[in-house]
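**Q** First the structure, which I've put down as C-alpha coordinates, then a few questions once you've had a look.
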Amino acid sequence: MNKLRTFFSSMLKVFFNSNQAEVVLRPLPRERERKLVATFARGNINLQSGRYTTTEDLERIKASLRGYRFSPRQ
Amino acid sequence: MTATLRASLGDGQELEDEELLFSIQKLFQEAEDDIKGVEQSSLDLCTPAVNELRYAGHHVLKGLVASAPEECEEQYRRASRHCLRARYDAVEIRLWSLLDEFRAFQKDYQAVSIPQVWPDYVDCAEKFDVTMALLNSVKKTEPSDIDDQGDNRVDLLERTREASRQLEPIVSKAKIARIELNKILDDQKRQIRMGIWAIVVTFIGIIVTIIVT
(Lines give C-alpha, C1' and ligand atoms only; values in the text may rest on other atoms or scores of the structure.)
Protein backbone atom coordinates (compact mmCIF):
# COMPACT_ATOMS: atom_id res chain seq x y z
CA MET A 1 0.00 0.00 0.00
CA ASN A 2 2.85 2.30 0.90
CA LYS A 3 4.55 1.55 -2.41
CA LEU A 4 1.36 2.40 -4.29
CA ARG A 5 1.07 5.69 -2.42
CA THR A 6 4.68 6.56 -3.20
CA PHE A 7 4.12 5.70 -6.86
CA PHE A 8 1.01 7.90 -7.13
CA SER A 9 2.63 10.79 -5.29
CA SER A 10 5.64 10.63 -7.63
CA MET A 11 3.29 10.54 -10.65
CA LEU A 12 1.44 13.60 -9.32
CA LYS A 13 4.76 15.38 -8.87
CA VAL A 14 5.67 14.60 -12.47
CA PHE A 15 2.36 15.94 -13.81
CA PHE A 16 1.99 19.01 -11.64
CA ASN A 17 5.55 20.03 -10.90
CA SER A 18 7.31 18.95 -14.09
CA ASN A 19 8.59 22.47 -14.75
CA GLN A 20 10.19 22.53 -11.32
CA ALA A 21 11.89 19.16 -11.71
CA GLU A 22 15.58 19.30 -10.91
CA VAL A 23 18.03 17.41 -13.06
CA VAL A 24 20.82 16.09 -10.90
CA LEU A 25 23.97 15.26 -12.87
CA ARG A 26 25.95 12.73 -10.94
CA PRO A 27 29.62 12.22 -11.83
CA LEU A 28 30.23 9.07 -13.84
CA PRO A 29 32.35 6.31 -12.38
CA ARG A 30 35.95 6.51 -13.62
CA GLU A 31 35.89 3.36 -15.75
CA ARG A 32 32.55 4.27 -17.34
CA GLU A 33 33.90 7.73 -18.17
CA ARG A 34 36.99 6.25 -19.83
CA LYS A 35 34.87 3.84 -21.86
CA LEU A 36 32.67 6.69 -23.04
CA VAL A 37 35.70 8.77 -24.04
CA ALA A 38 37.13 5.77 -25.88
CA THR A 39 33.83 5.35 -27.75
CA PHE A 40 33.55 8.94 -28.92
CA ALA A 41 37.22 9.89 -29.37
CA ARG A 42 38.66 10.19 -32.87
CA GLY A 43 42.13 11.02 -34.14
CA ASN A 44 44.21 10.09 -31.10
CA ILE A 45 45.11 6.49 -30.40
CA ASN A 46 45.50 7.00 -26.64
CA LEU A 47 42.15 8.75 -26.30
CA GLN A 48 40.56 6.00 -28.39
CA SER A 49 41.93 3.52 -25.85
CA GLY A 50 40.58 5.62 -22.96
CA ARG A 51 44.11 6.48 -21.82
CA TYR A 52 44.43 10.05 -20.65
CA THR A 53 45.54 11.96 -17.58
CA THR A 54 43.35 14.69 -16.17
CA THR A 55 44.07 17.27 -13.47
CA GLU A 56 42.08 15.07 -11.06
CA ASP A 57 44.36 12.10 -11.80
CA LEU A 58 47.37 14.28 -11.15
CA GLU A 59 45.92 15.53 -7.88
CA ARG A 60 45.26 11.93 -6.84
CA ILE A 61 48.91 10.99 -7.48
CA LYS A 62 50.08 14.09 -5.60
CA ALA A 63 47.86 13.27 -2.63
CA SER A 64 49.06 9.66 -2.53
CA LEU A 65 52.71 10.79 -2.58
CA ARG A 66 52.27 13.52 0.04
CA GLY A 67 54.78 12.99 2.83
CA TYR A 68 56.36 9.99 1.10
CA ARG A 69 60.16 9.60 1.24
CA PHE A 70 61.94 7.70 -1.50
CA SER A 71 65.37 7.67 0.06
CA PRO A 72 65.99 5.49 3.12
CA ARG A 73 68.53 8.11 4.33
CA GLN A 74 67.22 10.71 6.76
CA MET B 1 49.12 37.72 -40.47
CA THR B 2 46.02 39.03 -42.22
CA ALA B 3 46.28 41.73 -44.85
CA THR B 4 44.01 44.03 -42.82
CA LEU B 5 46.23 43.65 -39.80
CA ARG B 6 49.35 44.25 -41.85
CA ALA B 7 47.79 47.43 -43.22
CA SER B 8 46.70 48.59 -39.78
CA LEU B 9 50.18 48.31 -38.32
CA GLY B 10 53.25 50.36 -38.95
CA ASP B 11 56.36 48.72 -40.46
CA GLY B 12 58.20 48.34 -37.12
CA GLN B 13 55.16 46.99 -35.32
CA GLU B 14 54.47 44.53 -38.13
CA LEU B 15 57.98 43.16 -37.92
CA GLU B 16 57.80 42.82 -34.14
CA ASP B 17 54.47 41.00 -34.27
CA GLU B 18 55.69 38.68 -36.98
CA GLU B 19 58.70 37.86 -34.84
CA LEU B 20 56.37 37.16 -31.93
CA LEU B 21 54.19 34.97 -34.14
CA PHE B 22 57.22 32.99 -35.28
CA SER B 23 58.35 32.56 -31.68
CA ILE B 24 54.82 31.37 -30.75
CA GLN B 25 54.92 28.91 -33.63
CA LYS B 26 58.26 27.59 -32.33
CA LEU B 27 56.99 27.38 -28.76
CA PHE B 28 53.78 25.69 -29.92
CA GLN B 29 55.81 23.12 -31.85
CA GLU B 30 58.05 22.49 -28.84
CA ALA B 31 54.98 22.04 -26.62
CA GLU B 32 53.53 19.63 -29.19
CA ASP B 33 56.79 17.67 -29.19
CA ASP B 34 56.83 17.51 -25.38
CA ILE B 35 53.21 16.34 -25.25
CA LYS B 36 53.93 13.71 -27.93
CA GLY B 37 57.04 12.61 -26.04
CA VAL B 38 55.04 12.15 -22.85
CA GLU B 39 52.32 10.33 -24.80
CA GLN B 40 54.84 7.92 -26.27
CA SER B 41 56.63 7.21 -23.00
CA SER B 42 53.64 6.94 -20.67
CA LEU B 43 50.95 5.98 -23.25
CA ASP B 44 48.70 8.66 -21.75
CA LEU B 45 47.38 11.85 -23.28
CA CYS B 46 48.01 14.72 -20.86
CA THR B 47 44.82 16.75 -21.13
CA PRO B 48 45.94 19.76 -19.00
CA ALA B 49 48.80 20.43 -21.44
CA VAL B 50 46.50 20.08 -24.45
CA ASN B 51 44.12 22.47 -22.73
CA GLU B 52 46.92 25.04 -22.38
CA LEU B 53 47.56 24.81 -26.12
CA ARG B 54 43.87 25.46 -26.67
CA TYR B 55 44.24 28.68 -24.64
CA ALA B 56 47.33 29.56 -26.68
CA GLY B 57 45.37 29.17 -29.93
CA HIS B 58 42.59 31.31 -28.50
CA HIS B 59 45.02 34.16 -27.73
CA VAL B 60 46.69 33.93 -31.16
CA LEU B 61 43.30 34.34 -32.81
CA LYS B 62 42.43 37.23 -30.49
CA GLY B 63 45.75 38.84 -31.39
CA LEU B 64 45.13 38.41 -35.10
CA VAL B 65 41.79 40.24 -34.96
CA ALA B 66 42.85 42.86 -32.39
CA SER B 67 42.50 46.43 -33.61
CA ALA B 68 45.16 48.06 -31.42
CA PRO B 69 48.81 47.02 -31.87
CA GLU B 70 49.35 46.94 -28.09
CA GLU B 71 46.39 44.59 -27.67
CA CYS B 72 47.72 42.39 -30.47
CA GLU B 73 51.17 42.20 -28.86
CA GLU B 74 49.66 41.46 -25.45
CA GLN B 75 47.60 38.60 -26.86
CA TYR B 76 50.69 37.10 -28.54
CA ARG B 77 52.61 37.31 -25.29
CA ARG B 78 49.78 35.54 -23.48
CA ALA B 79 49.77 32.85 -26.16
CA SER B 80 53.51 32.28 -25.73
CA ARG B 81 53.09 31.98 -21.95
CA HIS B 82 50.38 29.36 -22.43
CA CYS B 83 52.72 27.43 -24.74
CA LEU B 84 55.37 27.45 -22.01
CA ARG B 85 52.80 26.37 -19.47
CA ALA B 86 51.71 23.53 -21.79
CA ARG B 87 55.32 22.32 -21.95
CA TYR B 88 55.64 22.51 -18.18
CA ASP B 89 52.33 20.67 -17.62
CA ALA B 90 53.41 17.86 -19.95
CA VAL B 91 56.76 17.45 -18.18
CA GLU B 92 55.11 17.73 -14.77
CA ILE B 93 52.63 14.94 -15.53
CA ARG B 94 55.48 12.74 -16.73
CA LEU B 95 57.47 13.46 -13.58
CA TRP B 96 54.59 12.64 -11.24
CA SER B 97 53.91 9.41 -13.10
CA LEU B 98 57.63 8.51 -12.82
CA LEU B 99 57.49 9.19 -9.07
CA ASP B 100 54.36 7.04 -8.84
CA GLU B 101 56.01 4.19 -10.77
CA PHE B 102 59.09 4.30 -8.55
CA ARG B 103 56.97 4.33 -5.41
CA ALA B 104 55.16 1.20 -6.72
CA PHE B 105 58.56 -0.41 -7.31
CA GLN B 106 59.67 0.37 -3.74
CA LYS B 107 56.40 -0.96 -2.35
CA ASP B 108 56.71 -4.22 -4.32
CA TYR B 109 60.24 -4.88 -3.00
CA GLN B 110 60.07 -3.46 0.52
CA ALA B 111 60.92 -6.92 1.90
CA VAL B 112 64.13 -7.14 -0.17
CA SER B 113 67.43 -5.32 0.22
CA ILE B 114 67.51 -3.59 -3.17
CA PRO B 115 71.16 -2.29 -2.99
CA GLN B 116 72.50 -5.86 -3.24
CA VAL B 117 71.17 -5.93 -6.82
CA TRP B 118 71.41 -2.19 -7.53
CA PRO B 119 74.49 -0.67 -5.82
CA ASP B 120 73.70 3.05 -6.40
CA TYR B 121 70.03 2.60 -5.54
CA VAL B 122 70.08 4.98 -2.55
CA ASP B 123 71.60 7.80 -4.63
CA CYS B 124 68.94 7.22 -7.30
CA ALA B 125 66.16 7.28 -4.68
CA GLU B 126 67.47 10.62 -3.41
CA LYS B 127 66.97 12.11 -6.87
CA PHE B 128 63.27 11.27 -6.59
CA ASP B 129 63.08 13.11 -3.27
CA VAL B 130 64.79 16.15 -4.81
CA THR B 131 62.39 16.10 -7.78
CA MET B 132 59.35 15.80 -5.56
CA ALA B 133 60.54 18.76 -3.49
CA LEU B 134 60.99 20.76 -6.72
CA LEU B 135 57.49 19.89 -7.95
CA ASN B 136 55.93 20.69 -4.58
CA SER B 137 57.64 24.08 -4.50
CA VAL B 138 55.85 25.21 -7.67
CA LYS B 139 52.79 27.36 -7.12
CA LYS B 140 50.46 26.88 -10.06
CA THR B 141 48.05 29.53 -11.23
CA GLU B 142 44.69 29.33 -12.93
CA PRO B 143 44.79 29.78 -16.74
CA SER B 144 43.13 33.19 -16.34
CA ASP B 145 45.91 34.36 -13.98
CA ILE B 146 48.77 33.09 -16.12
CA ASP B 147 49.99 36.60 -16.88
CA ASP B 148 50.07 37.80 -13.28
CA GLN B 149 52.92 35.60 -12.16
CA GLY B 150 56.41 36.99 -12.24
CA ASP B 151 58.43 33.79 -11.72
CA ASN B 152 61.00 32.44 -14.12
CA ARG B 153 59.05 29.84 -16.07
CA VAL B 154 61.84 29.08 -18.53
CA ASP B 155 64.21 28.24 -15.69
CA LEU B 156 61.57 26.07 -14.00
CA LEU B 157 60.84 24.28 -17.26
CA GLU B 158 64.53 23.53 -17.79
CA ARG B 159 64.92 22.21 -14.25
CA THR B 160 61.91 19.91 -14.58
CA ARG B 161 63.05 18.68 -17.99
CA GLU B 162 66.48 17.94 -16.54
CA ALA B 163 64.83 16.04 -13.67
CA SER B 164 62.81 14.06 -16.21
CA ARG B 165 65.99 13.23 -18.15
CA GLN B 166 67.57 11.95 -14.91
CA LEU B 167 64.60 9.93 -13.67
CA GLU B 168 63.59 8.22 -16.95
CA PRO B 169 66.68 5.92 -17.04
CA ILE B 170 66.31 5.16 -13.32
CA VAL B 171 62.73 3.98 -13.79
CA SER B 172 63.85 1.90 -16.79
CA LYS B 173 66.61 0.42 -14.62
CA ALA B 174 64.02 -0.37 -11.94
CA LYS B 175 62.09 -2.41 -14.49
CA ILE B 176 65.24 -4.43 -15.26
CA ALA B 177 66.09 -4.77 -11.54
CA ARG B 178 62.65 -6.33 -11.00
CA ILE B 179 63.85 -9.50 -12.76
CA GLU B 180 66.73 -10.06 -10.31
CA LEU B 181 64.70 -8.89 -7.29
CA ASN B 182 61.93 -11.36 -8.19
CA LYS B 183 64.52 -14.15 -8.05
CA ILE B 184 65.54 -13.01 -4.54
CA LEU B 185 61.89 -12.86 -3.49
CA ASP B 186 61.35 -16.39 -4.86
CA ASP B 187 64.41 -17.61 -2.93
CA GLN B 188 63.07 -16.00 0.26
CA LYS B 189 59.68 -17.65 -0.26
CA ARG B 190 61.37 -21.01 -0.90
CA GLN B 191 63.43 -20.68 2.29
CA ILE B 192 60.32 -19.80 4.31
CA ARG B 193 58.50 -22.84 2.87
CA MET B 194 61.48 -25.07 3.73
CA GLY B 195 61.56 -23.63 7.25
CA ILE B 196 57.87 -24.37 7.74
CA TRP B 197 58.37 -27.95 6.46
CA ALA B 198 61.35 -28.41 8.79
CA ILE B 199 59.23 -27.31 11.77
CA VAL B 200 56.37 -29.64 10.72
CA VAL B 201 58.72 -32.62 10.26
CA THR B 202 60.42 -31.93 13.63
CA PHE B 203 57.02 -31.68 15.30
CA ILE B 204 55.86 -34.97 13.76
CA GLY B 205 59.18 -36.58 14.81
CA ILE B 206 58.68 -35.43 18.41
CA ILE B 207 55.11 -36.79 18.47
CA VAL B 208 56.22 -40.15 16.99
CA THR B 209 59.04 -40.37 19.54
CA ILE B 210 56.61 -39.67 22.39
CA ILE B 211 54.12 -42.31 21.10
CA VAL B 212 56.83 -44.99 20.60
CA THR B 213 58.46 -44.42 23.98
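Scheme for the C-alpha coordinates: letters A, B, ... for chains in order shown; per-chain residue numbers from 1; ligand numbers from 1 in order shown.
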Taking only C-alpha atoms into account, which residues of chain B are within 9 Å of chain A, as a VMD selection string?
**A** chain B and resid 39 43 to 48 93 96 to 97 99 to 100 102 to 103 106 121 to 129 132 136
**Q** Quick one: DSSP helix (DSSP H, G or I) residues in region 71-186 of chain B, as an MDAnalysis selection string?
**A** chainID B and resid 71:108 114:116 121:137 143:145 153:186
**Q** Near Phe22 (chain B), counting only C-alpha atoms, which residues have an atom at most 12 Å away, once you skip same-chain residues fewer than 4 positions from it, shown as an mmCIF file with N, CA, C and O atoms, in the first residue's frame?
**A**
data_model
loop_
_atom_site.group_PDB
_atom_site.id
_atom_site.type_symbol
_atom_site.label_atom_id
_atom_site.label_comp_id
_atom_site.auth_asym_id
_atom_site.auth_seq_id
_atom_site.Cartn_x
_atom_site.Cartn_y
_atom_site.Cartn_z
ATOM 1 N N MET B 1 49.844 36.531 -40.908
ATOM 2 C CA MET B 1 49.120 37.722 -40.466
ATOM 3 C C MET B 1 48.183 38.211 -41.579
ATOM 4 O O MET B 1 48.556 38.192 -42.741
ATOM 5 N N LEU B 15 56.829 44.038 -38.032
ATOM 6 C CA LEU B 15 57.984 43.159 -37.919
ATOM 7 C C LEU B 15 58.023 42.499 -36.544
ATOM 8 O O LEU B 15 58.231 41.303 -36.415
ATOM 9 N N GLU B 16 57.751 43.335 -35.507
ATOM 10 C CA GLU B 16 57.798 42.824 -34.142
ATOM 11 C C GLU B 16 56.751 41.738 -33.927
ATOM 12 O O GLU B 16 57.028 40.703 -33.337
ATOM 13 N N ASP B 17 55.540 41.982 -34.443
ATOM 14 C CA ASP B 17 54.468 41.003 -34.275
ATOM 15 C C ASP B 17 54.757 39.729 -35.051
ATOM 16 O O ASP B 17 54.447 38.636 -34.588
ATOM 17 N N GLU B 18 55.352 39.882 -36.208
ATOM 18 C CA GLU B 18 55.692 38.684 -36.982
ATOM 19 C C GLU B 18 56.732 37.856 -36.244
ATOM 20 O O GLU B 18 56.648 36.632 -36.210
ATOM 21 N N LYS B 26 57.178 28.442 -32.826
ATOM 22 C CA LYS B 26 58.262 27.589 -32.335
ATOM 23 C C LYS B 26 57.892 26.988 -30.972
ATOM 24 O O LYS B 26 58.047 25.785 -30.756
ATOM 25 N N LEU B 27 57.375 27.855 -30.097
ATOM 26 C CA LEU B 27 56.988 27.380 -28.758
ATOM 27 C C LEU B 27 55.866 26.348 -28.836
ATOM 28 O O LEU B 27 55.862 25.358 -28.107
ATOM 29 N N PHE B 28 54.913 26.605 -29.736
ATOM 30 C CA PHE B 28 53.780 25.692 -29.924
ATOM 31 C C PHE B 28 54.295 24.322 -30.377
ATOM 32 O O PHE B 28 53.874 23.281 -29.878
ATOM 33 N N GLN B 29 55.240 24.360 -31.330
ATOM 34 C CA GLN B 29 55.805 23.119 -31.848
ATOM 35 C C GLN B 29 56.555 22.362 -30.757
ATOM 36 O O GLN B 29 56.437 21.135 -30.630
ATOM 37 N N VAL B 60 46.135 33.595 -29.823
ATOM 38 C CA VAL B 60 46.691 33.931 -31.157
ATOM 39 C C VAL B 60 45.581 34.504 -32.026
ATOM 40 O O VAL B 60 45.768 35.538 -32.699
ATOM 41 N N TYR B 76 49.631 38.020 -28.101
ATOM 42 C CA TYR B 76 50.693 37.101 -28.538
ATOM 43 C C TYR B 76 51.552 36.679 -27.351
ATOM 44 O O TYR B 76 51.979 35.541 -27.255
ATOM 45 N N ARG B 77 51.799 37.641 -26.464
ATOM 46 C CA ARG B 77 52.612 37.306 -25.287
ATOM 47 C C ARG B 77 51.877 36.292 -24.404
ATOM 48 O O ARG B 77 52.470 35.371 -23.871
ATOM 49 N N ALA B 79 49.734 34.126 -25.440
ATOM 50 C CA ALA B 79 49.772 32.850 -26.161
ATOM 51 C C ALA B 79 51.107 32.139 -25.901
ATOM 52 O O ALA B 79 51.132 30.921 -25.639
ATOM 53 N N SER B 80 52.203 32.906 -25.943
ATOM 54 C CA SER B 80 53.511 32.278 -25.728
ATOM 55 C C SER B 80 53.631 31.746 -24.302
ATOM 56 O O SER B 80 54.216 30.694 -24.075
#
**Q** Find the distance between CA of Val112 (chain B) and CA of Leu185 (chain B) and write it in Å to one decimal.
**A**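 So the two atoms, CA of Val112 (chain B) and CA of Leu185 (chain B), lie 7.0 Å apart.
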**Q** Any idea what the distance is between CA of Glu32 (chain B) and CA of Pro69 (chain B)?
**A**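 Result for CA of Glu32 (chain B) versus CA of Pro69 (chain B): 27.9 Å, one decimal.
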**Q** Using only C-alpha atoms, which residue out of B:Ala90, B:Ile24, B:Leu156, B:Leu181 lies closest to Glu52 (chain B)?
**A**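 Answer, going by the shortest atom-to-atom distance: B:Ala90.
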